[in-house]
>>> print(open('coords_32.cif').read())   # mmCIF, C-alpha atoms
data_model
loop_
_atom_site.label_atom_id
_atom_site.label_comp_id
_atom_site.auth_asym_id
_atom_site.auth_seq_id
_atom_site.Cartn_x
_atom_site.Cartn_y
_atom_site.Cartn_z
CA MET H 1 30.32 96.31 129.54
CA ALA H 2 29.79 92.86 128.12
CA SER H 3 27.81 90.33 130.10
CA PRO H 4 29.21 86.82 130.81
CA SER H 5 26.91 85.37 128.16
CA GLN H 6 28.30 87.75 125.56
CA ILE H 7 31.91 86.73 126.09
CA SER H 8 31.54 83.01 126.77
CA ILE H 9 32.32 80.44 124.14
CA GLY H 10 29.46 77.97 124.28
CA ASP H 11 29.14 76.92 127.91
CA ALA H 12 32.83 77.52 128.66
CA LEU H 13 34.35 80.78 129.84
CA PRO H 14 37.19 82.20 127.75
CA GLN H 15 40.60 80.95 128.87
CA VAL H 16 43.13 83.55 129.97
CA LEU H 17 46.67 82.52 130.90
CA LEU H 18 48.06 84.49 133.86
CA LEU H 19 51.86 84.34 134.00
CA ARG H 20 52.04 85.77 137.53
CA ASN H 21 49.91 87.18 140.31
CA LEU H 22 48.25 90.41 139.16
CA LEU H 23 49.56 92.65 141.92
CA PRO H 24 47.23 95.61 141.24
CA PHE H 25 44.18 93.44 141.95
CA SER H 26 45.57 91.99 145.17
CA LEU H 27 46.90 95.29 146.53
CA ILE H 28 43.50 96.98 146.34
CA ASN H 29 41.64 93.80 147.34
CA LYS H 30 39.82 93.61 144.04
CA PRO H 31 38.93 90.03 143.05
CA LEU H 32 39.61 88.79 139.54
CA PRO H 33 36.39 88.36 137.52
CA ASP H 34 36.31 84.55 137.65
CA ASP H 35 32.65 84.66 136.65
CA ARG H 36 33.62 86.06 133.23
CA PHE H 37 36.94 84.39 132.44
CA HIS H 38 38.64 81.11 133.23
CA PHE H 39 42.01 82.24 134.57
CA LEU H 40 44.84 79.72 134.25
CA ARG H 41 47.12 80.77 137.12
CA ALA H 42 50.56 79.60 136.07
CA TRP H 43 52.18 81.36 139.03
CA GLU H 44 50.33 79.08 141.47
CA SER H 45 51.66 75.90 139.87
CA SER H 46 54.62 74.01 141.27
CA VAL H 47 55.72 72.85 137.82
CA PRO H 48 57.86 74.92 135.44
CA LEU H 49 56.02 77.37 133.21
CA ASP H 50 56.56 75.43 130.00
CA GLU H 51 55.13 72.26 131.55
CA PHE H 52 52.14 74.18 132.88
CA VAL H 53 51.46 75.75 129.49
CA LEU H 54 51.75 72.46 127.61
CA ALA H 55 49.46 70.70 130.11
CA ASN H 56 46.86 73.41 130.74
CA ALA H 57 47.01 76.41 128.48
CA GLN H 58 47.78 75.52 124.87
CA SER H 59 44.29 76.54 123.82
CA ALA H 60 44.40 79.90 125.61
CA ARG H 61 43.67 82.83 123.29
CA ALA H 62 44.82 85.54 125.70
CA VAL H 63 47.73 85.94 128.12
CA VAL H 64 48.14 88.57 130.83
CA THR H 65 51.59 89.44 132.08
CA SER H 66 53.64 92.12 133.80
CA GLY H 67 57.22 93.33 133.72
CA GLY H 68 58.50 90.44 135.81
CA ALA H 69 57.09 87.72 133.53
CA PRO H 70 58.51 87.92 130.00
CA VAL H 71 56.53 86.83 126.97
CA THR H 72 59.29 85.31 124.88
CA ALA H 73 59.23 83.82 121.39
CA ASP H 74 59.59 80.37 122.97
CA LEU H 75 56.52 80.94 125.11
CA LEU H 76 54.54 82.27 122.16
CA ARG H 77 55.40 79.17 120.15
CA MET H 78 53.87 77.01 122.90
CA LEU H 79 50.57 78.88 122.48
CA PRO H 80 49.37 78.16 118.93
CA ASP H 81 45.91 79.67 119.50
CA LEU H 82 47.14 82.84 121.17
CA GLN H 83 45.71 86.05 119.71
CA PHE H 84 46.16 88.62 122.48
CA VAL H 85 48.92 89.65 124.92
CA LEU H 86 47.93 92.09 127.67
CA THR H 87 50.49 93.60 130.03
CA THR H 88 49.78 95.56 133.20
CA THR H 89 52.79 97.79 132.53
CA ALA H 90 53.30 100.76 130.24
CA GLY H 91 56.69 99.38 129.16
CA LEU H 92 56.89 96.60 126.58
CA ASN H 93 60.51 95.46 126.78
CA HIS H 94 59.46 92.14 128.36
CA ILE H 95 57.37 91.15 125.32
CA ASP H 96 58.78 89.82 122.04
CA LEU H 97 56.99 92.36 119.87
CA ASP H 98 58.61 91.12 116.67
CA GLU H 99 57.15 87.65 117.17
CA CYS H 100 53.75 89.13 118.05
CA ARG H 101 53.86 91.21 114.88
CA ARG H 102 54.83 88.19 112.80
CA ARG H 103 52.03 86.09 114.28
CA GLY H 104 49.43 88.85 114.12
CA ILE H 105 48.99 88.76 117.91
CA ALA H 106 47.40 91.93 119.31
CA VAL H 107 49.18 93.63 122.22
CA ALA H 108 47.71 96.03 124.78
CA ASN H 109 49.37 97.75 127.72
CA ALA H 110 48.63 100.11 130.60
CA ALA H 111 48.84 103.04 128.18
CA GLY H 112 48.64 106.35 130.08
CA VAL H 113 47.28 104.96 133.35
CA PHE H 114 50.50 105.68 135.25
CA SER H 115 51.63 108.83 133.46
CA GLU H 116 50.59 111.38 136.09
CA ASP H 117 51.75 109.21 139.02
CA VAL H 118 55.20 108.58 137.54
CA ALA H 119 55.57 112.23 136.54
CA GLU H 120 54.81 113.27 140.12
CA VAL H 121 57.61 111.03 141.40
CA ALA H 122 60.03 112.37 138.78
CA VAL H 123 59.38 115.94 139.90
CA CYS H 124 59.56 114.93 143.58
CA LEU H 125 62.95 113.30 143.03
CA LEU H 126 64.27 116.37 141.23
CA ILE H 127 63.02 118.72 143.95
CA ASP H 128 64.45 116.44 146.63
CA VAL H 129 67.91 116.39 145.05
CA TRP H 130 68.05 120.13 144.39
CA ARG H 131 66.44 121.26 147.67
CA ARG H 132 68.13 118.48 149.73
CA ILE H 133 64.90 117.40 151.43
CA SER H 134 65.90 113.83 152.29
CA ALA H 135 69.43 114.92 153.16
CA GLY H 136 67.98 117.55 155.52
CA ASP H 137 65.77 114.95 157.16
CA ARG H 138 68.78 112.72 157.81
CA TYR H 139 70.74 115.74 159.04
CA ILE H 140 68.16 116.44 161.74
CA ARG H 141 67.66 112.80 162.74
CA ALA H 142 71.40 112.30 163.16
CA GLY H 143 71.61 115.28 165.54
CA ARG H 144 73.86 117.23 163.20
CA TRP H 145 71.69 120.35 163.19
CA VAL H 146 72.46 120.78 166.89
CA GLY H 147 76.03 119.53 166.69
CA ILE H 148 77.17 121.15 163.45
CA GLY H 149 74.67 123.87 162.67
CA ALA H 150 74.54 125.25 159.15
CA PHE H 151 73.15 122.94 156.46
CA PRO H 152 74.59 122.98 152.90
CA LEU H 153 72.91 125.26 150.39
CA GLY H 154 70.42 123.82 147.91
CA PHE H 155 69.31 125.00 144.48
CA LYS H 156 66.05 126.66 143.45
CA LEU H 157 64.00 125.28 140.56
CA ARG H 158 62.97 128.50 138.83
CA GLY H 159 65.19 129.17 135.84
CA LYS H 160 66.77 125.73 135.82
CA ARG H 161 67.14 124.10 132.41
CA VAL H 162 65.62 120.61 132.38
CA GLY H 163 66.13 118.24 129.46
CA ILE H 164 63.51 115.53 129.12
CA VAL H 165 64.59 112.33 127.40
CA GLY H 166 61.46 110.86 125.85
CA LEU H 167 58.61 113.33 125.46
CA GLY H 168 55.77 110.81 125.47
CA ARG H 169 52.84 110.71 127.88
CA ILE H 170 55.01 110.69 131.00
CA GLY H 171 57.52 113.17 129.59
CA MET H 172 54.74 115.64 128.78
CA GLU H 173 53.31 115.33 132.29
CA VAL H 174 56.78 116.01 133.73
CA ALA H 175 57.17 119.02 131.46
CA LYS H 176 53.80 120.49 132.50
CA ARG H 177 54.69 120.21 136.18
CA LEU H 178 58.16 121.68 135.81
CA ASP H 179 56.74 124.50 133.68
CA ALA H 180 54.74 125.51 136.73
CA PHE H 181 57.98 125.80 138.73
CA GLY H 182 59.48 128.11 136.13
CA CYS H 183 61.91 125.59 134.68
CA ILE H 184 63.12 125.92 131.08
CA ILE H 185 62.18 122.74 129.21
CA SER H 186 63.87 121.12 126.22
CA TYR H 187 63.77 117.54 125.03
CA ASN H 188 65.19 114.63 123.07
CA SER H 189 62.93 112.06 121.45
CA ARG H 190 62.93 109.65 118.52
CA ASN H 191 61.34 112.35 116.40
CA GLN H 192 60.71 116.05 116.80
CA LYS H 193 57.12 116.82 117.75
CA THR H 194 55.83 119.50 115.41
CA ASP H 195 53.05 120.54 117.78
CA ILE H 196 55.42 121.09 120.75
CA ALA H 197 57.13 124.44 121.26
CA TYR H 198 59.92 123.14 123.53
CA PRO H 199 63.38 123.19 121.91
CA PHE H 200 64.30 119.80 120.40
CA PHE H 201 67.80 118.33 120.54
CA PRO H 202 68.32 115.26 118.33
CA ASN H 203 71.68 114.61 120.00
CA LEU H 204 71.75 113.67 123.70
CA ARG H 205 75.10 115.32 124.34
CA ASP H 206 73.77 118.59 122.96
CA LEU H 207 70.72 118.26 125.23
CA ALA H 208 73.00 117.59 128.21
CA SER H 209 75.21 120.58 127.44
CA ASN H 210 72.11 122.81 127.48
CA SER H 211 70.60 121.34 130.67
CA ASP H 212 71.07 121.52 134.41
CA ALA H 213 69.19 118.24 134.79
CA LEU H 214 68.10 115.34 132.61
CA VAL H 215 64.85 113.47 133.34
CA ILE H 216 64.76 110.03 131.73
CA CYS H 217 61.21 109.15 130.62
CA CYS H 218 61.74 106.92 127.58
CA GLY H 219 61.20 103.18 127.32
CA LEU H 220 63.91 100.52 127.32
CA THR H 221 64.81 99.13 123.90
CA ASP H 222 67.99 97.89 122.25
CA GLU H 223 68.54 101.45 121.05
CA THR H 224 68.07 103.09 124.47
CA HIS H 225 70.14 100.56 126.48
CA HIS H 226 72.99 102.53 128.13
CA MET H 227 71.99 105.52 126.01
CA ILE H 228 72.93 107.79 128.93
CA ASP H 229 76.61 106.95 128.89
CA LYS H 230 79.68 108.46 130.51
CA GLU H 231 80.07 111.09 127.79
CA VAL H 232 76.49 112.33 128.24
CA MET H 233 76.90 112.48 132.02
CA MET H 234 80.26 114.20 131.83
CA THR H 235 78.68 116.76 129.50
CA LEU H 236 75.94 117.35 132.08
CA GLY H 237 78.71 118.22 134.50
CA LYS H 238 79.59 118.51 138.17
CA GLU H 239 76.38 120.30 139.12
CA GLY H 240 74.18 118.31 136.74
CA VAL H 241 71.41 116.05 138.05
CA ILE H 242 69.94 112.91 136.51
CA VAL H 243 66.45 111.66 137.34
CA ASN H 244 65.45 108.24 136.04
CA ILE H 245 61.86 107.03 136.12
CA GLY H 246 62.16 105.10 132.84
CA ARG H 247 64.13 101.88 133.18
CA GLY H 248 67.42 101.30 134.97
CA PRO H 249 69.52 100.04 132.02
CA ILE H 250 68.88 103.21 130.02
CA ILE H 251 71.71 104.67 132.13
CA ASP H 252 75.15 103.07 132.27
CA GLU H 253 74.79 102.58 136.01
CA LYS H 254 78.40 101.62 136.67
CA GLU H 255 79.65 104.82 135.05
CA MET H 256 77.00 106.90 136.84
CA VAL H 257 78.01 105.52 140.23
CA GLU H 258 81.67 106.23 139.56
CA LEU H 259 80.94 109.82 138.51
CA LEU H 260 78.75 110.44 141.55
CA VAL H 261 81.38 109.05 143.92
CA LYS H 262 84.10 111.19 142.31
CA GLY H 263 81.93 114.31 142.43
CA GLU H 264 81.88 114.62 138.65
CA LEU H 265 78.07 114.46 138.57
CA GLY H 266 75.99 116.69 140.80
CA GLY H 267 73.29 114.27 141.92
CA ALA H 268 70.71 111.67 140.99
CA GLY H 269 67.08 110.86 141.71
CA LEU H 270 66.45 107.20 140.92
CA ASP H 271 63.24 105.18 140.94
CA VAL H 272 64.69 102.43 138.72
CA PHE H 273 67.95 100.51 138.69
CA GLU H 274 69.87 98.28 136.33
CA ASN H 275 69.63 95.07 138.36
CA GLU H 276 66.57 95.50 140.57
CA PRO H 277 66.20 94.99 143.44
CA ASP H 278 70.00 95.11 143.82
CA VAL H 279 71.21 98.69 144.22
CA PRO H 280 74.91 99.66 144.09
CA LYS H 281 76.15 99.93 147.67
CA GLU H 282 78.19 103.01 146.77
CA LEU H 283 74.97 105.00 146.43
CA MET H 284 73.81 104.35 149.99
CA GLY H 285 76.02 106.94 151.64
CA LEU H 286 75.64 109.74 149.10
CA ASP H 287 73.55 112.69 150.28
CA ASN H 288 73.13 113.93 146.71
CA VAL H 289 71.33 110.73 145.66
CA VAL H 290 67.64 110.11 146.37
CA MET H 291 66.21 106.64 145.70
CA THR H 292 62.77 105.05 145.63
CA PRO H 293 62.03 101.32 145.05
CA HIS H 294 60.49 101.47 141.55
CA CYS H 295 57.28 102.82 143.04
CA GLY H 296 56.50 105.68 140.66
CA ALA H 297 53.26 104.04 139.53
CA LEU H 298 52.17 102.70 142.89
CA THR H 299 49.08 104.62 143.89
CA ARG H 300 45.69 103.25 144.83
CA GLU H 301 44.03 105.45 142.23
CA SER H 302 46.17 104.24 139.34
CA PHE H 303 45.81 100.60 140.36
CA LEU H 304 42.04 100.91 140.45
CA THR H 305 42.07 102.40 136.96
CA LEU H 306 44.48 99.71 135.77
CA CYS H 307 42.26 96.89 137.05
CA GLU H 308 39.31 98.37 135.16
CA LEU H 309 41.47 98.66 132.03
CA VAL H 310 42.62 95.02 132.26
CA VAL H 311 39.07 93.71 132.57
CA GLY H 312 37.83 96.11 129.88
CA ASN H 313 40.52 94.96 127.44
CA LEU H 314 39.71 91.30 128.03
CA GLU H 315 36.00 91.94 127.56
CA ALA H 316 36.68 93.89 124.38
CA PHE H 317 38.91 91.16 122.96
CA PHE H 318 36.53 88.30 123.63
CA SER H 319 33.59 90.36 122.35
CA ASN H 320 35.39 91.26 119.11
CA ARG H 321 35.35 94.95 119.97
CA PRO H 322 38.30 97.40 119.63
CA LEU H 323 40.83 97.08 122.43
CA LEU H 324 40.97 99.94 124.90
CA SER H 325 44.75 100.39 124.88
CA GLN H 326 46.12 98.55 121.85
CA VAL H 327 49.78 99.00 121.02
CA GLN H 328 50.51 99.78 117.38
CA LEU H 329 53.12 97.24 116.33
#
>>> encode(input="coords_32.cif", output="structure tokens")
Amino acid sequence: MASPSQISIGDALPQVLLLRNLLPFSLINKPLPDDRFHFLRAWESSVPLDEFVLANAQSARAVVTSGGAPVTADLLRMLPDLQFVLTTTAGLNHIDLDECRRRGIAVANAAGVFSEDVAEVAVCLLIDVWRRISAGDRYIRAGRWVGIGAFPLGFKLRGKRVGIVGLGRIGMEVAKRLDAFGCIISYNSRNQKTDIAYPFFPNLRDLASNSDALVICCGLTDETHHMIDKEVMMTLGKEGVIVNIGRGPIIDEKEMVELLVKGELGGAGLDVFENEPDVPKELMGLDNVVMTPHCGALTRESFLTLCELVVGNLEAFFSNRPLLSQVQL
């Protein structure tokens, strides 16, 4: 780990522009290393971001952001000395990667910090939908077990065919966990992985037709926006289940809601939504839908690791060492 003297520029600490409060640090009560970096806290300013940048941060060489604070081409143009963009998320859809590539700006992300945590939530959502855990909890609390009696049948996991959309770090962690339950795994990804034995389907509809459930693990790009459309969901069928721990807009949410309401889709486990935090009201009364508030990555353990990664990346950048989680642009 570099010492403050190693990463200072003369007598001044390196300037780092913070676009918003770094939630992982505050949630685990870990202070930002103000003794090593001069953090320009744009989110504390009462003036608009562009005014704050022009007045305080034009000389900043690094910016730290998260999913809720986009790094646009306009923002990048206001930072002529910028050389490094660091995000606390695994996803990159809030960063103008083309502009970063053009400018030669390095980008680093949370890499695999959240992979196991998000995979756990994906599997939990799938189990919950198939075994009706949350629905059973509501059934008891509402007094229906006494008043009505028999609870609807669920579905076992063993032998179920699960198609994973996006077999990256998270997708592989999901696959490993579902393997242990005896599920039959196949996948769709940008490219077939030659070192993976799972069956590969280059076409999403073919994957859906050979699956009892789809688990969405890919990132959001122009190509993946509404990739899970009505045709894919109709192919999955009336007993098919969708789990989404990627990004909300990967699914055509309006079509999904309509199919769930009509009973033309078997169920859904959703940690992400198209217009967060707004959730379609039609989903609230459906017992075959389980929802969590985009919390797949929210564990104390992952946040502690993330905080160490953020500081380590900043130290590496300002010490001219290789970044710990650089994104290949």
>>> resolve_selection(input="coords_32.cif", expression="the PyMOL selection byres ((chain H and resi 54) around 12)", output="JSON, numbers by chain")
{"H": [17, 42, 47, 48, 49, 50, 51, 52, 53, 55, 56, 57, 58, 59, 60, 75, 76, 77, 78, 79, 80]}
>>> atom_distance(input="coords_32.cif", atom1="atom CA of Asp81 of chain H", atom2="atom CA of Phe37 of chain H")
16.4 Å
>>> atom_distance(input="coords_32.cif", atom1="atom CA of Leu40 of chain H", atom2="atom CA of Val16 of chain H")
6.0 Å
>>> residues_around(input="coords_32.cif", residues="Gly136 of chain H", least_positions_apart="3", cutoff="12 Å", atoms="all atoms listed in the file", output="list in words")
Asp128, Val129, Trp130, Arg131, Arg132, Ile133, Tyr139, Ile140, Arg141, Ala142, Gly143, Arg144, Trp145, Gly149, Ala150, Phe151, Pro152, Leu153, Gly154, Asp287, Asn288 and Val290 of chain H
>>> atom_distance(input="coords_32.cif", atom1="atom CA of Arg103 of chain H", atom2="atom CA of Gln326 of chain H")
15.7 Å
>>> axis_aligned_box(input="coords_32.cif", around="segment 193-196 of chain H", padding_each_side="5 Å", output="AutoDock Vina command-line options")
--center_x 55.1 --center_y 119.0 --center_z 118.1 --size_x 14.1 --size_y 14.3 --size_z 15.3
>>> residues_around(input="coords_32.cif", residues="segment 293-297 of chain H", least_positions_apart="4", cutoff="7 Å", atoms="all atoms listed in the file", output="list in words")
Phe114, Asp117, Val118, Val121, Asp271 and Val272 of chain H
>>> write_last_selection(input="coords_32.cif", atoms="C-alpha atoms", output="CSV table (one decimal), in the coordinates of the input")
chain,number,residue,atom,x,y,z
H,114,PHE,CA,50.5,105.7,135.2
H,117,ASP,CA,51.8,109.2,139.0
H,118,VAL,CA,55.2,108.6,137.5
H,121,VAL,CA,57.6,111.0,141.4
H,271,ASP,CA,63.2,105.2,140.9
H,272,VAL,CA,64.7,102.4,138.7
>>> resolve_selection(input="coords_32.cif", expression="the PyMOL selection byres ((chain H and resi 67) around 12)", output="ChimeraX atom specification")
/H:19-23,64-66,68-71,86-95,109-110,220,247,276,294
>>> write_last_selection(input="coords_32.cif", atoms="C-alpha atoms", output="short mmCIF file (atom, residue, chain, number, x, y, z; two decimals), in the frame of the given file")
data_model
loop_
_atom_site.label_atom_id
_atom_site.label_comp_id
_atom_site.auth_asym_id
_atom_site.auth_seq_id
_atom_site.Cartn_x
_atom_site.Cartn_y
_atom_site.Cartn_z
CA LEU H 19 51.86 84.34 134.00
CA ARG H 20 52.04 85.77 137.53
CA ASN H 21 49.91 87.18 140.31
CA LEU H 22 48.25 90.41 139.16
CA LEU H 23 49.56 92.65 141.92
CA VAL H 64 48.14 88.57 130.83
CA THR H 65 51.59 89.44 132.08
CA SER H 66 53.64 92.12 133.80
CA GLY H 68 58.50 90.44 135.81
CA ALA H 69 57.09 87.72 133.53
CA PRO H 70 58.51 87.92 130.00
CA VAL H 71 56.53 86.83 126.97
CA LEU H 86 47.93 92.09 127.67
CA THR H 87 50.49 93.60 130.03
CA THR H 88 49.78 95.56 133.20
CA THR H 89 52.79 97.79 132.53
CA ALA H 90 53.30 100.76 130.24
CA GLY H 91 56.69 99.38 129.16
CA LEU H 92 56.89 96.60 126.58
CA ASN H 93 60.51 95.46 126.78
CA HIS H 94 59.46 92.14 128.36
CA ILE H 95 57.37 91.15 125.32
CA ASN H 109 49.37 97.75 127.72
CA ALA H 110 48.63 100.11 130.60
CA LEU H 220 63.91 100.52 127.32
CA ARG H 247 64.13 101.88 133.18
CA GLU H 276 66.57 95.50 140.57
CA HIS H 294 60.49 101.47 141.55
#
>>> residues_around(input="coords_32.cif", residues="Glu99 of chain H", least_positions_apart="5", cutoff="9 Å", atoms="all atoms listed in the file", output="PyMOL selection string")
chain H and resi 72-73+76+104-105
>>> residues_around(input="coords_32.cif", residues="Gly166 of chain H", least_positions_apart="4", cutoff="12 Å", atoms="all atoms listed in the file", output="MDAnalysis selection string")
chainID H and resid 170:175 186:193 200:202 204 207 214:220 224 227 244:247 250
>>> residues_around(input="coords_32.cif", residues="Ala106 of chain H", least_positions_apart="4", cutoff="8 Å", atoms="all atoms listed in the file", output="NGL selection string")
:H and (83-85 or 100-101 or 326-327)
>>> write_last_selection(input="coords_32.cif", atoms="C-alpha atoms", output="PDB file, in the coordinates of the input")
ATOM      1  CA  GLN H  83      45.710  86.050 119.710  1.00  0.00           C
ATOM      2  CA  PHE H  84      46.160  88.620 122.480  1.00  0.00           C
ATOM      3  CA  VAL H  85      48.920  89.650 124.920  1.00  0.00           C
ATOM      4  CA  CYS H 100      53.750  89.130 118.050  1.00  0.00           C
ATOM      5  CA  ARG H 101      53.860  91.210 114.880  1.00  0.00           C
ATOM      6  CA  GLN H 326      46.120  98.550 121.850  1.00  0.00           C
ATOM      7  CA  VAL H 327      49.780  99.000 121.020  1.00  0.00           C
TER       8      VAL H 327
END
>>> resolve_selection(input="coords_32.cif", expression="the PyMOL selection byres ((chain H and resi 231) around 12)", output="mmCIF file with C-alpha atoms, keeping the file's coordinate frame")
data_model
loop_
_atom_site.group_PDB
_atom_site.id
_atom_site.type_symbol
_atom_site.label_atom_id
_atom_site.label_comp_id
_atom_site.auth_asym_id
_atom_site.auth_seq_id
_atom_site.Cartn_x
_atom_site.Cartn_y
_atom_site.Cartn_z
ATOM 1 C CA ASN H 203 71.680 114.610 120.000
ATOM 2 C CA LEU H 204 71.750 113.670 123.700
ATOM 3 C CA ARG H 205 75.100 115.320 124.340
ATOM 4 C CA ASP H 206 73.770 118.590 122.960
ATOM 5 C CA ALA H 208 73.000 117.590 128.210
ATOM 6 C CA SER H 209 75.210 120.580 127.440
ATOM 7 C CA HIS H 226 72.990 102.530 128.130
ATOM 8 C CA MET H 227 71.990 105.520 126.010
ATOM 9 C CA ILE H 228 72.930 107.790 128.930
ATOM 10 C CA ASP H 229 76.610 106.950 128.890
ATOM 11 C CA LYS H 230 79.680 108.460 130.510
ATOM 12 C CA VAL H 232 76.490 112.330 128.240
ATOM 13 C CA MET H 233 76.900 112.480 132.020
ATOM 14 C CA MET H 234 80.260 114.200 131.830
ATOM 15 C CA THR H 235 78.680 116.760 129.500
ATOM 16 C CA LEU H 236 75.940 117.350 132.080
ATOM 17 C CA GLY H 237 78.710 118.220 134.500
ATOM 18 C CA ILE H 251 71.710 104.670 132.130
ATOM 19 C CA ASP H 252 75.150 103.070 132.270
ATOM 20 C CA GLU H 255 79.650 104.820 135.050
ATOM 21 C CA MET H 256 77.000 106.900 136.840
ATOM 22 C CA LEU H 259 80.940 109.820 138.510
ATOM 23 C CA GLU H 264 81.880 114.620 138.650
ATOM 24 C CA LEU H 265 78.070 114.460 138.570
#
>>> decode(input="coords_32.cif", residues="segment 178-193 of chain H", atoms="N, CA and C atoms", output="PDB file, in the first residue's frame")
ATOM      1  N   LEU H 178     -26.818 -23.516  -8.814  1.00  0.00           N
ATOM      2  CA  LEU H 178     -27.947 -24.295  -9.313  1.00  0.00           C
ATOM      3  C   LEU H 178     -27.533 -25.711  -9.686  1.00  0.00           C
ATOM      4  N   ASP H 179     -26.274 -25.877 -10.086  1.00  0.00           N
ATOM      5  CA  ASP H 179     -25.734 -27.232 -10.292  1.00  0.00           C
ATOM      6  C   ASP H 179     -25.918 -28.074  -9.035  1.00  0.00           C
ATOM      7  N   ALA H 180     -25.651 -27.445  -7.901  1.00  0.00           N
ATOM      8  CA  ALA H 180     -25.736 -28.182  -6.628  1.00  0.00           C
ATOM      9  C   ALA H 180     -27.164 -28.615  -6.321  1.00  0.00           C
ATOM     10  N   PHE H 181     -28.159 -27.926  -6.889  1.00  0.00           N
ATOM     11  CA  PHE H 181     -29.560 -28.305  -6.691  1.00  0.00           C
ATOM     12  C   PHE H 181     -30.027 -29.329  -7.730  1.00  0.00           C
ATOM     13  N   GLY H 182     -29.139 -29.695  -8.633  1.00  0.00           N
ATOM     14  CA  GLY H 182     -29.518 -30.665  -9.648  1.00  0.00           C
ATOM     15  C   GLY H 182     -30.227 -30.072 -10.846  1.00  0.00           C
ATOM     16  N   CYS H 183     -30.078 -28.760 -11.051  1.00  0.00           N
ATOM     17  CA  CYS H 183     -30.676 -28.135 -12.229  1.00  0.00           C
ATOM     18  C   CYS H 183     -29.817 -28.419 -13.464  1.00  0.00           C
ATOM     19  N   ILE H 184     -30.439 -28.348 -14.621  1.00  0.00           N
ATOM     20  CA  ILE H 184     -29.765 -28.567 -15.904  1.00  0.00           C
ATOM     21  C   ILE H 184     -29.492 -27.194 -16.517  1.00  0.00           C
ATOM     22  N   ILE H 185     -28.222 -26.837 -16.644  1.00  0.00           N
ATOM     23  CA  ILE H 185     -27.830 -25.484 -17.025  1.00  0.00           C
ATOM     24  C   ILE H 185     -27.525 -25.399 -18.515  1.00  0.00           C
ATOM     25  N   SER H 186     -27.998 -24.326 -19.139  1.00  0.00           N
ATOM     26  CA  SER H 186     -27.567 -23.935 -20.478  1.00  0.00           C
ATOM     27  C   SER H 186     -27.450 -22.415 -20.472  1.00  0.00           C
ATOM     28  N   TYR H 187     -26.932 -21.841 -21.553  1.00  0.00           N
ATOM     29  CA  TYR H 187     -26.681 -20.405 -21.485  1.00  0.00           C
ATOM     30  C   TYR H 187     -26.691 -19.741 -22.853  1.00  0.00           C
ATOM     31  N   ASN H 188     -26.867 -18.428 -22.802  1.00  0.00           N
ATOM     32  CA  ASN H 188     -26.693 -17.540 -23.947  1.00  0.00           C
ATOM     33  C   ASN H 188     -25.704 -16.465 -23.530  1.00  0.00           C
ATOM     34  N   SER H 189     -24.780 -16.139 -24.424  1.00  0.00           N
ATOM     35  CA  SER H 189     -23.809 -15.097 -24.135  1.00  0.00           C
ATOM     36  C   SER H 189     -23.371 -14.500 -25.458  1.00  0.00           C
ATOM     37  N   ARG H 190     -22.577 -13.413 -25.403  1.00  0.00           N
ATOM     38  CA  ARG H 190     -22.126 -12.799 -26.646  1.00  0.00           C
ATOM     39  C   ARG H 190     -21.346 -13.788 -27.495  1.00  0.00           C
ATOM     40  N   ASN H 191     -20.550 -14.620 -26.828  1.00  0.00           N
ATOM     41  CA  ASN H 191     -19.760 -15.627 -27.526  1.00  0.00           C
ATOM     42  C   ASN H 191     -19.811 -16.933 -26.743  1.00  0.00           C
ATOM     43  N   GLN H 192     -19.690 -18.032 -27.461  1.00  0.00           N
ATOM     44  CA  GLN H 192     -19.613 -19.325 -26.795  1.00  0.00           C
ATOM     45  C   GLN H 192     -18.283 -19.448 -26.067  1.00  0.00           C
ATOM     46  N   LYS H 193     -18.336 -19.995 -24.861  1.00  0.00           N
ATOM     47  CA  LYS H 193     -17.136 -20.154 -24.046  1.00  0.00           C
ATOM     48  C   LYS H 193     -16.606 -21.568 -24.241  1.00  0.00           C
TER      49      LYS H 193
END
